[in-house]
>>> print(open('structure_28.json').read())   # JSON, C-alpha atoms and all ligand atoms
[["chain", "number", "residue", "atom", "x", "y", "z"],
["A", 46, "MET", "CA", -84.59, 38.04, -7.99],
["A", 47, "ALA", "CA", -81.16, 37.48, -6.45],
["A", 48, "PRO", "CA", -78.37, 39.46, -8.17],
["A", 49, "LYS", "CA", -76.13, 37.52, -10.54],
["A", 50, "ILE", "CA", -72.72, 36.68, -9.08],
["A", 51, "THR", "CA", -69.78, 37.57, -11.31],
["A", 52, "LYS", "CA", -66.87, 38.29, -8.98],
["A", 53, "ALA", "CA", -64.41, 35.89, -7.41],
["A", 54, "VAL", "CA", -61.95, 36.90, -4.72],
["A", 55, "ILE", "CA", -58.82, 34.79, -4.32],
["A", 56, "PRO", "CA", -56.62, 35.50, -1.32],
["A", 57, "ALA", "CA", -52.99, 34.90, -2.32],
["A", 58, "ALA", "CA", -50.89, 36.84, 0.14],
["A", 59, "GLY", "CA", -49.68, 33.97, 2.32],
["A", 60, "LEU", "CA", -45.95, 33.55, 2.87],
["A", 61, "GLY", "CA", -45.94, 29.84, 2.07],
["A", 62, "THR", "CA", -43.52, 29.08, 4.88],
["A", 63, "ARG", "CA", -44.39, 25.37, 4.80],
["A", 64, "PHE", "CA", -42.75, 25.13, 1.39],
["A", 65, "LEU", "CA", -39.49, 26.94, 2.07],
["A", 66, "PRO", "CA", -37.06, 27.17, 0.40],
["A", 67, "ALA", "CA", -39.21, 26.69, -2.76],
["A", 68, "THR", "CA", -41.26, 29.73, -1.77],
["A", 69, "LYS", "CA", -38.38, 31.99, -0.82],
["A", 70, "ALA", "CA", -38.61, 34.01, -4.03],
["A", 71, "MET", "CA", -41.76, 32.53, -5.58],
["A", 72, "PRO", "CA", -45.35, 32.67, -4.32],
["A", 73, "LYS", "CA", -46.68, 29.31, -3.13],
["A", 74, "GLU", "CA", -49.66, 29.74, -5.48],
["A", 75, "MET", "CA", -47.24, 29.25, -8.38],
["A", 76, "LEU", "CA", -46.10, 25.79, -7.24],
["A", 77, "PRO", "CA", -46.93, 23.40, -10.07],
["A", 78, "VAL", "CA", -49.57, 20.74, -9.57],
["A", 79, "VAL", "CA", -48.53, 18.38, -12.38],
["A", 80, "ASP", "CA", -47.84, 21.08, -14.99],
["A", 81, "LYS", "CA", -50.08, 23.96, -13.98],
["A", 82, "PRO", "CA", -49.57, 26.40, -11.11],
["A", 83, "ALA", "CA", -52.01, 25.69, -8.27],
["A", 84, "ILE", "CA", -53.61, 29.11, -8.70],
["A", 85, "GLN", "CA", -54.60, 28.38, -12.31],
["A", 86, "TYR", "CA", -56.82, 25.47, -11.21],
["A", 87, "VAL", "CA", -58.60, 27.84, -8.87],
["A", 88, "VAL", "CA", -59.11, 30.53, -11.52],
["A", 89, "GLU", "CA", -60.34, 27.87, -13.96],
["A", 90, "GLU", "CA", -62.85, 26.69, -11.35],
["A", 91, "ALA", "CA", -64.15, 30.23, -10.85],
["A", 92, "VAL", "CA", -64.48, 30.73, -14.61],
["A", 93, "ALA", "CA", -66.27, 27.38, -14.99],
["A", 94, "ALA", "CA", -68.84, 28.61, -12.45],
["A", 95, "GLY", "CA", -69.38, 31.77, -14.51],
["A", 96, "LEU", "CA", -67.15, 34.11, -12.51],
["A", 97, "THR", "CA", -64.95, 35.95, -14.97],
["A", 98, "ASP", "CA", -64.00, 38.92, -12.81],
["A", 99, "VAL", "CA", -61.23, 37.74, -10.50],
["A", 100, "LEU", "CA", -59.67, 39.81, -7.75],
["A", 101, "MET", "CA", -56.49, 38.48, -6.20],
["A", 102, "ILE", "CA", -55.43, 39.71, -2.81],
["A", 103, "THR", "CA", -51.66, 39.60, -3.02],
["A", 104, "GLY", "CA", -48.66, 40.73, -1.06],
["A", 105, "ARG", "CA", -44.97, 41.33, -1.57],
["A", 106, "ASN", "CA", -43.16, 38.93, -3.87],
["A", 107, "LYS", "CA", -46.20, 38.18, -6.01],
["A", 108, "SER", "CA", -45.15, 39.49, -9.41],
["A", 109, "ALA", "CA", -44.89, 35.94, -10.79],
["A", 110, "LEU", "CA", -48.65, 35.65, -10.26],
["A", 111, "GLU", "CA", -49.36, 38.79, -12.23],
["A", 112, "ASN", "CA", -47.01, 37.67, -15.00],
["A", 113, "HIS", "CA", -48.72, 34.29, -15.22],
["A", 114, "PHE", "CA", -52.08, 35.84, -16.08],
["A", 115, "ASP", "CA", -50.58, 38.41, -18.46],
["A", 116, "ARG", "CA", -49.10, 38.31, -21.96],
["A", 117, "ILE", "CA", -45.44, 37.37, -22.27],
["A", 118, "GLY", "CA", -44.62, 38.66, -25.75],
["A", 119, "GLU", "CA", -41.15, 37.19, -26.00],
["A", 120, "LEU", "CA", -42.30, 33.67, -25.15],
["A", 121, "GLU", "CA", -45.29, 33.92, -27.49],
["A", 122, "ALA", "CA", -43.05, 35.12, -30.34],
["A", 123, "THR", "CA", -40.57, 32.28, -29.82],
["A", 124, "LEU", "CA", -43.29, 29.63, -29.83],
["A", 125, "GLU", "CA", -44.92, 31.21, -32.86],
["A", 126, "ARG", "CA", -41.61, 31.21, -34.74],
["A", 127, "LYS", "CA", -41.17, 27.53, -33.95],
["A", 128, "GLY", "CA", -44.72, 26.77, -35.03],
["A", 129, "ASP", "CA", -45.37, 25.20, -31.60],
["A", 130, "THR", "CA", -49.08, 25.97, -31.54],
["A", 131, "GLU", "CA", -49.85, 23.46, -28.81],
["A", 132, "ARG", "CA", -47.62, 25.18, -26.26],
["A", 133, "LEU", "CA", -48.62, 28.60, -27.54],
["A", 134, "GLU", "CA", -52.23, 27.73, -26.78],
["A", 135, "LYS", "CA", -51.28, 26.73, -23.25],
["A", 136, "VAL", "CA", -49.47, 30.02, -22.74],
["A", 137, "ASN", "CA", -52.33, 32.11, -24.13],
["A", 138, "TYR", "CA", -54.96, 30.13, -22.23],
["A", 139, "SER", "CA", -53.99, 31.47, -18.81],
["A", 140, "THR", "CA", -53.73, 35.00, -20.24],
["A", 141, "ASP", "CA", -57.23, 34.99, -21.68],
["A", 142, "LEU", "CA", -58.91, 32.98, -18.93],
["A", 143, "ALA", "CA", -60.38, 35.80, -16.88],
["A", 144, "ASP", "CA", -60.25, 39.49, -16.17],
["A", 145, "VAL", "CA", -57.78, 39.43, -13.27],
["A", 146, "HIS", "CA", -57.34, 42.36, -10.88],
["A", 147, "TYR", "CA", -54.99, 42.75, -7.96],
["A", 148, "VAL", "CA", -55.04, 44.49, -4.64],
["A", 149, "ARG", "CA", -52.35, 44.13, -2.01],
["A", 150, "GLN", "CA", -53.10, 43.16, 1.53],
["A", 151, "GLY", "CA", -50.37, 45.15, 3.26],
["A", 152, "ASP", "CA", -50.14, 43.63, 6.72],
["A", 153, "PRO", "CA", -50.96, 39.90, 6.66],
["A", 154, "LYS", "CA", -53.60, 40.05, 9.39],
["A", 155, "GLY", "CA", -55.56, 36.97, 8.43],
["A", 156, "LEU", "CA", -58.12, 35.66, 5.94],
["A", 157, "GLY", "CA", -60.87, 37.97, 7.21],
["A", 158, "HIS", "CA", -58.60, 40.96, 6.71],
["A", 159, "ALA", "CA", -57.69, 39.76, 3.19],
["A", 160, "VAL", "CA", -61.37, 39.47, 2.23],
["A", 161, "LEU", "CA", -62.09, 42.93, 3.63],
["A", 162, "ARG", "CA", -59.49, 44.29, 1.18],
["A", 163, "ALA", "CA", -61.89, 43.27, -1.63],
["A", 164, "ARG", "CA", -64.58, 45.70, -0.49],
["A", 165, "MET", "CA", -63.93, 48.50, -2.98],
["A", 166, "HIS", "CA", -63.74, 46.12, -5.93],
["A", 167, "VAL", "CA", -66.76, 44.02, -4.99],
["A", 168, "GLY", "CA", -69.10, 46.81, -3.94],
["A", 169, "ASN", "CA", -72.63, 45.93, -2.94],
["A", 170, "GLU", "CA", -73.00, 42.53, -4.64],
["A", 171, "PRO", "CA", -72.71, 38.95, -3.49],
["A", 172, "PHE", "CA", -69.36, 37.42, -4.44],
["A", 173, "ALA", "CA", -67.37, 34.22, -4.16],
["A", 174, "VAL", "CA", -64.14, 33.55, -2.25],
["A", 175, "LEU", "CA", -61.87, 30.70, -3.32],
["A", 176, "LEU", "CA", -58.86, 29.63, -1.26],
["A", 177, "GLY", "CA", -55.91, 28.38, -3.25],
["A", 178, "ASP", "CA", -54.90, 25.56, -0.90],
["A", 179, "ASP", "CA", -58.06, 23.59, -1.67],
["A", 180, "LEU", "CA", -58.39, 22.22, -5.18],
["A", 181, "ILE", "CA", -61.77, 20.84, -6.24],
["A", 182, "ASP", "CA", -61.76, 18.21, -8.96],
["A", 183, "GLU", "CA", -63.18, 19.77, -12.12],
["A", 184, "ARG", "CA", -65.32, 16.66, -12.66],
["A", 185, "ASP", "CA", -67.24, 17.36, -9.43],
["A", 186, "VAL", "CA", -69.69, 20.19, -8.88],
["A", 187, "LEU", "CA", -69.35, 22.57, -5.95],
["A", 188, "LEU", "CA", -69.12, 26.29, -6.65],
["A", 189, "SER", "CA", -71.98, 26.45, -9.14],
["A", 190, "ARG", "CA", -74.20, 24.57, -6.67],
["A", 191, "MET", "CA", -73.23, 27.04, -3.93],
["A", 192, "ILE", "CA", -74.13, 29.96, -6.20],
["A", 193, "GLU", "CA", -77.48, 28.32, -6.94],
["A", 194, "VAL", "CA", -78.23, 27.79, -3.23],
["A", 195, "SER", "CA", -77.12, 31.33, -2.40],
["A", 196, "GLY", "CA", -79.64, 32.62, -4.97],
["A", 197, "GLU", "CA", -82.46, 30.40, -3.67],
["A", 198, "LYS", "CA", -81.93, 31.33, -0.03],
["A", 199, "ASN", "CA", -80.67, 34.86, -0.62],
["A", 200, "ALA", "CA", -77.97, 34.12, 1.94],
["A", 201, "SER", "CA", -74.28, 33.37, 2.32],
["A", 202, "VAL", "CA", -73.15, 29.82, 1.59],
["A", 203, "ILE", "CA", -70.02, 27.94, 2.67],
["A", 204, "ALA", "CA", -68.63, 24.61, 1.47],
["A", 205, "LEU", "CA", -68.47, 21.79, 4.01],
["A", 206, "LEU", "CA", -66.73, 18.45, 4.04],
["A", 207, "GLU", "CA", -67.05, 15.56, 6.46],
["A", 208, "VAL", "CA", -63.66, 14.58, 7.91],
["A", 209, "ASP", "CA", -62.29, 12.28, 10.54],
["A", 210, "PRO", "CA", -63.01, 14.07, 13.86],
["A", 211, "SER", "CA", -59.29, 13.97, 14.74],
["A", 212, "GLN", "CA", -58.64, 16.43, 11.88],
["A", 213, "ALA", "CA", -61.20, 19.05, 12.88],
["A", 214, "TYR", "CA", -58.77, 21.17, 14.90],
["A", 215, "LEU", "CA", -56.99, 22.18, 11.67],
["A", 216, "TYR", "CA", -60.06, 23.87, 10.16],
["A", 217, "GLY", "CA", -63.13, 25.98, 10.68],
["A", 218, "VAL", "CA", -65.84, 23.68, 12.06],
["A", 219, "ALA", "CA", -69.60, 24.06, 11.55],
["A", 220, "THR", "CA", -72.58, 22.94, 13.59],
["A", 221, "VAL", "CA", -75.63, 22.60, 11.38],
["A", 222, "GLU", "CA", -79.26, 21.65, 11.08],
["A", 223, "PRO", "CA", -80.76, 19.88, 8.07],
["A", 224, "THR", "CA", -82.88, 21.50, 5.37],
["A", 225, "ASP", "CA", -85.23, 19.74, 2.97],
["A", 226, "GLU", "CA", -82.38, 19.37, 0.43],
["A", 227, "SER", "CA", -79.97, 16.55, 1.27],
["A", 228, "ASP", "CA", -76.80, 18.46, 0.31],
["A", 229, "VAL", "CA", -77.79, 21.72, 2.02],
["A", 230, "VAL", "CA", -77.65, 22.54, 5.74],
["A", 231, "ARG", "CA", -78.30, 25.65, 7.78],
["A", 232, "ILE", "CA", -75.34, 26.79, 9.82],
["A", 233, "THR", "CA", -76.04, 27.26, 13.52],
["A", 234, "GLY", "CA", -72.48, 27.83, 14.69],
["A", 235, "LEU", "CA", -68.89, 28.16, 13.46],
["A", 236, "VAL", "CA", -65.60, 27.87, 15.31],
["A", 237, "GLU", "CA", -62.18, 28.49, 13.77],
["A", 238, "LYS", "CA", -59.59, 25.85, 14.68],
["A", 239, "PRO", "CA", -61.22, 24.47, 17.84],
["A", 240, "PRO", "CA", -58.67, 23.01, 20.30],
["A", 241, "THR", "CA", -58.23, 19.24, 19.82],
["A", 242, "GLY", "CA", -61.15, 17.26, 21.14],
["A", 243, "THR", "CA", -63.52, 20.21, 21.51],
["A", 244, "ALA", "CA", -65.04, 20.32, 18.00],
["A", 245, "GLU", "CA", -68.80, 19.85, 18.12],
["A", 246, "SER", "CA", -68.98, 18.31, 14.65],
["A", 247, "ASN", "CA", -66.82, 16.75, 11.97],
["A", 248, "LEU", "CA", -68.06, 19.10, 9.25],
["A", 249, "ILE", "CA", -65.19, 21.37, 8.27],
["A", 250, "ILE", "CA", -65.18, 24.44, 6.08],
["A", 251, "ILE", "CA", -63.33, 23.97, 2.81],
["A", 252, "GLY", "CA", -62.11, 27.01, 0.99],
["A", 253, "ARG", "CA", -65.16, 28.03, -1.04],
["A", 254, "TYR", "CA", -67.57, 30.74, 0.05],
["A", 255, "VAL", "CA", -70.40, 32.68, -1.55],
["A", 256, "LEU", "CA", -70.87, 35.79, 0.54],
["A", 257, "GLN", "CA", -73.39, 38.58, 0.82],
["A", 258, "PRO", "CA", -71.75, 42.04, 0.80],
["A", 259, "GLN", "CA", -72.91, 42.69, 4.40],
["A", 260, "ILE", "CA", -69.93, 40.52, 5.42],
["A", 261, "PHE", "CA", -67.74, 43.60, 4.93],
["A", 262, "ASP", "CA", -69.54, 45.54, 7.69],
["A", 263, "VAL", "CA", -69.05, 42.56, 10.00],
["A", 264, "LEU", "CA", -65.38, 42.10, 9.07],
["A", 265, "ASP", "CA", -64.85, 45.77, 9.77],
["A", 266, "HIS", "CA", -65.30, 45.15, 13.49],
["A", 267, "THR", "CA", -64.20, 41.48, 13.75],
["A", 268, "GLU", "CA", -61.51, 41.18, 16.42],
["A", 269, "PRO", "CA", -58.47, 38.92, 15.93],
["A", 270, "GLY", "CA", -59.31, 35.32, 16.84],
["A", 271, "ALA", "CA", -57.48, 31.99, 16.40],
["A", 272, "GLY", "CA", -53.76, 32.52, 15.82],
["A", 273, "GLY", "CA", -54.15, 36.25, 16.52],
["A", 274, "GLU", "CA", -55.64, 36.72, 13.02],
["A", 275, "ILE", "CA", -58.87, 38.31, 11.81],
["A", 276, "GLN", "CA", -60.82, 35.20, 10.86],
["A", 277, "LEU", "CA", -63.47, 34.99, 8.14],
["A", 278, "THR", "CA", -65.00, 32.15, 10.16],
["A", 279, "ASP", "CA", -65.59, 34.49, 13.14],
["A", 280, "ALA", "CA", -67.33, 37.04, 10.91],
["A", 281, "LEU", "CA", -69.52, 34.28, 9.44],
["A", 282, "GLN", "CA", -70.34, 33.07, 12.95],
["A", 283, "GLU", "CA", -71.72, 36.54, 13.67],
["A", 284, "VAL", "CA", -73.69, 36.47, 10.39],
["A", 285, "ALA", "CA", -75.15, 33.06, 11.28],
["A", 286, "GLU", "CA", -75.91, 33.90, 14.90],
["A", 287, "ASN", "CA", -77.70, 37.15, 14.10],
["A", 288, "ASP", "CA", -79.22, 35.96, 10.84],
["A", 289, "ILE", "CA", -77.61, 38.88, 9.01],
["A", 290, "ALA", "CA", -78.58, 39.10, 5.30],
["A", 291, "GLY", "CA", -80.26, 35.69, 5.32],
["A", 292, "GLY", "CA", -77.78, 33.92, 7.62],
["A", 293, "VAL", "CA", -75.42, 31.18, 6.44],
["A", 294, "TYR", "CA", -76.07, 27.88, 4.67],
["A", 295, "GLY", "CA", -73.66, 25.08, 3.87],
["A", 296, "VAL", "CA", -73.36, 22.86, 0.82],
["A", 297, "VAL", "CA", -71.95, 19.47, 1.84],
["A", 298, "PHE", "CA", -69.39, 18.45, -0.75],
["A", 299, "ARG", "CA", -69.03, 14.75, -1.45],
["A", 300, "GLY", "CA", -66.61, 14.95, -4.38],
["A", 301, "ARG", "CA", -62.86, 14.98, -4.74],
["A", 302, "ARG", "CA", -60.89, 17.67, -2.96],
["A", 303, "TYR", "CA", -57.12, 17.97, -2.96],
["A", 304, "ASP", "CA", -55.21, 19.86, -0.34],
["A", 305, "THR", "CA", -52.09, 21.58, -1.61],
["A", 306, "GLY", "CA", -51.45, 23.47, 1.62],
["A", 307, "ASP", "CA", -48.87, 21.16, 3.12],
["A", 308, "ARG", "CA", -46.09, 19.13, 1.61],
["A", 309, "LEU", "CA", -47.49, 15.65, 2.09],
["A", 310, "ASP", "CA", -50.96, 16.50, 0.80],
["A", 311, "TYR", "CA", -49.39, 18.43, -2.06],
["A", 312, "ILE", "CA", -47.48, 15.33, -3.19],
["A", 313, "LYS", "CA", -50.64, 13.23, -2.88],
["A", 314, "ALA", "CA", -52.58, 15.76, -4.97],
["A", 315, "ILE", "CA", -50.02, 15.63, -7.77],
["A", 316, "VAL", "CA", -50.08, 11.82, -7.88],
["A", 317, "GLN", "CA", -53.88, 11.64, -7.72],
["A", 318, "LEU", "CA", -54.32, 14.14, -10.54],
["A", 319, "ALA", "CA", -51.53, 12.73, -12.69],
["A", 320, "VAL", "CA", -52.80, 9.13, -12.67],
["A", 321, "ASP", "CA", -56.08, 10.34, -14.16],
["A", 322, "ARG", "CA", -54.46, 12.47, -16.86],
["A", 323, "GLU", "CA", -54.82, 11.27, -20.43],
["A", 324, "ASP", "CA", -51.27, 12.23, -21.35],
["A", 325, "LEU", "CA", -49.55, 10.84, -18.24],
["A", 326, "GLY", "CA", -51.80, 8.29, -16.55],
["A", 327, "GLU", "CA", -51.16, 5.42, -18.87],
["A", 328, "ALA", "CA", -47.43, 5.49, -18.21],
["A", 329, "LEU", "CA", -47.66, 6.50, -14.56],
["A", 330, "ARG", "CA", -50.13, 3.87, -13.32],
["A", 331, "PRO", "CA", -48.04, 0.75, -14.04],
["A", 332, "TRP", "CA", -44.89, 2.48, -12.81],
["A", 333, "LEU", "CA", -46.64, 3.41, -9.58],
["A", 334, "ARG", "CA", -47.82, -0.19, -9.04],
["A", 335, "ASP", "CA", -44.27, -1.47, -9.53],
["A", 336, "PHE", "CA", -42.86, 1.17, -7.28],
["A", 337, "VAL", "CA", -45.32, 0.39, -4.50],
["A", 338, "SER", "CA", -44.65, -3.34, -4.80],
["A", 339, "THR", "CA", -40.90, -2.77, -4.35],
["A", 340, "MET", "CA", -41.70, -0.94, -1.11],
["A", 341, "GLU", "CA", -43.67, -3.89, 0.19],
["A", 401, "LIG", "C1", -58.76, 28.57, 6.25],
["A", 401, "LIG", "C2", -60.04, 28.91, 7.04],
["A", 401, "LIG", "C3", -60.62, 27.67, 7.67],
["A", 401, "LIG", "C4", -60.87, 26.62, 6.60],
["A", 401, "LIG", "C5", -59.59, 26.36, 5.79],
["A", 401, "LIG", "C6", -59.90, 25.47, 4.59],
["A", 401, "LIG", "O1", -57.79, 28.15, 7.17],
["A", 401, "LIG", "O2", -59.72, 29.87, 8.04],
["A", 401, "LIG", "O3", -61.83, 27.96, 8.33],
["A", 401, "LIG", "O4", -61.32, 25.43, 7.20],
["A", 401, "LIG", "O5", -59.02, 27.57, 5.29],
["A", 401, "LIG", "O6", -58.76, 25.12, 3.89],
["A", 401, "LIG", "P1", -56.22, 28.05, 6.80],
["A", 401, "LIG", "O7", -56.05, 26.78, 6.04],
["A", 401, "LIG", "O8", -55.90, 29.25, 5.98],
["A", 401, "LIG", "O9", -55.50, 28.02, 8.11]]
>>> encode(input="structure_28.json", output="structure tokens")
Amino acid sequence: MAPKITKAVIPAAGLGTRFLPATKAMPKEMLPVVDKPAIQYVVEEAVAAGLTDVLMITGRNKSALENHFDRIGELEATLERKGDTERLEKVNYSTDLADVHYVRQGDPKGLGHAVLRARMHVGNEPFAVLLGDDLIDERDVLLSRMIEVSGEKNASVIALLEVDPSQAYLYGVATVEPTDESDVVRITGLVEKPPTGTAESNLIIIGRYVLQPQIFDVLDHTEPGAGGEIQLTDALQEVAENDIAGGVYGVVFRGRRYDTGDRLDYIKAIVQLAVDREDLGEALRPWLRDFVSTME
């Protein structure tokens, strides 16, 4: 039987330069998406898939992250005194959500390097990696399906999304062959950020991975690739090519994904999530219609 997966690794050491000056003194993972920091959505997703042991790979300037998932006695006491149980629940929720651990990356040498920093904590078990820039709508299933497929195949599994071919150069791109399940493919090749026009498919990697621990041995000798960084995609290419620990499969995601990695997509994500919110949607939707009509 495949071992149960309990650990999630969340790289959060990026400098967030695309959001300066907002990210000068605050990690980009703390930017609010509606009223929750982006990172909390990701932790909630991990917990919903049964992963309650979370390791964050952080860097300098990340104390706000640690504070967010910890008790803040003064704030709790003030809310308690005021009898504001609704807000108190919100504050306690992120504290109690998961068992969160931290390790620092040191030199920011790329995603592959960040994941390798998880080795001691993860040990010899399969584990998940969730990237904070991709938010998956909680109404759609992805991570739990990936965990299921990883158990069935006893292999590593990545999340894939079909995009317009003109966008492929921004991502890791997968070439695949079908399996007998319509949402599952076998990965035959992976390329990180192929130069424009050279991508062999329009299936991109989105930031969810279920990995076998053998990935650490591969990452240990993975040379810097695209952008001079040690790329997780390159390590997975080696795993796929040599069929290491069962090779690599992909789950093709057909649900809602929001990108919070750049400013325009971040704004879109906030609007998309807010219009569906029970507490905000009703007021926001008609306003948005009016606003759009004044632009036309
Ligand atoms: C990372 C991965 C890339 C993947 C992307 C998904 O790139 O290296 O393969 O497609 O996340 O968001 P980054 O966005 O960190 O440049």
>>> residues_near_ligand(input="structure_28.json", ligand="ligand LIG 401 (chain A)", cutoff="8 Å", atoms="all atoms listed in the file", output="CSV table (one decimal) with C-alpha atoms, in the frame of the given file")
chain,number,residue,atom,x,y,z
A,156,LEU,CA,-58.1,35.7,5.9
A,176,LEU,CA,-58.9,29.6,-1.3
A,178,ASP,CA,-54.9,25.6,-0.9
A,179,ASP,CA,-58.1,23.6,-1.7
A,215,LEU,CA,-57.0,22.2,11.7
A,216,TYR,CA,-60.1,23.9,10.2
A,217,GLY,CA,-63.1,26.0,10.7
A,218,VAL,CA,-65.8,23.7,12.1
A,236,VAL,CA,-65.6,27.9,15.3
A,237,GLU,CA,-62.2,28.5,13.8
A,238,LYS,CA,-59.6,25.8,14.7
A,249,ILE,CA,-65.2,21.4,8.3
A,250,ILE,CA,-65.2,24.4,6.1
A,251,ILE,CA,-63.3,24.0,2.8
A,252,GLY,CA,-62.1,27.0,1.0
A,276,GLN,CA,-60.8,35.2,10.9
A,277,LEU,CA,-63.5,35.0,8.1
A,278,THR,CA,-65.0,32.2,10.2
A,304,ASP,CA,-55.2,19.9,-0.3
A,306,GLY,CA,-51.4,23.5,1.6
>>> closest_residue(input="structure_28.json", among="A:Thr97, A:Tyr294, A:Gly234, A:Asp335", to="Gln282 of chain A", atoms="only C-alpha atoms")
A:Gly234
>>> residues_around(input="structure_28.json", residues="segment 48-53 of chain A", least_positions_apart="2", cutoff="9 Å", atoms="all atoms listed in the file", output="list of chain:residue names")
A:Met46, A:Ile55, A:Val88, A:Ala91, A:Val92, A:Gly95, A:Leu96, A:Thr97, A:Asp98, A:Val99, A:Leu100, A:Met101, A:His166, A:Val167, A:Glu170, A:Pro171, A:Phe172, A:Ala173, A:Val174, A:Leu175, A:Ile192, A:Gly196, A:Val255
>>> residues_near_point(input="structure_28.json", point="(-58.6, 26.0, -10.7)", cutoff="10 Å", atoms="all atoms listed in the file", output="PyMOL selection string")
chain A and resi 81-93+175+177+179-183
>>> axis_aligned_box(input="structure_28.json", around="segment 87-93 of chain A", padding_each_side="5 Å", output="lines of an AutoDock Vina configuration file")
center_x = -62.4
center_y = 28.7
center_z = -11.9
size_x = 17.7
size_y = 14.0
size_z = 16.1
>>> atom_distance(input="structure_28.json", atom1="atom CA of Pro153 of chain A", atom2="atom CA of Ile102 of chain A")
10.5 Å
>>> residues_around(input="structure_28.json", residues="Lys107 of chain A", least_positions_apart="2", cutoff="9 Å", atoms="only C-alpha atoms", output="ChimeraX atom specification")
/A:57-58,70-72,103-105,109-111
>>> closest_residue(input="structure_28.json", among="A:Lys73, A:Asp129, A:Val136, A:Ser189", to="Asp115 of chain A", atoms="only C-alpha atoms")
A:Val136
>>> closest_residue(input="structure_28.json", among="A:Gln150, A:Thr68, A:Ser108, A:Ser201", to="Gln259 of chain A", atoms="all atoms listed in the file")
A:Ser201
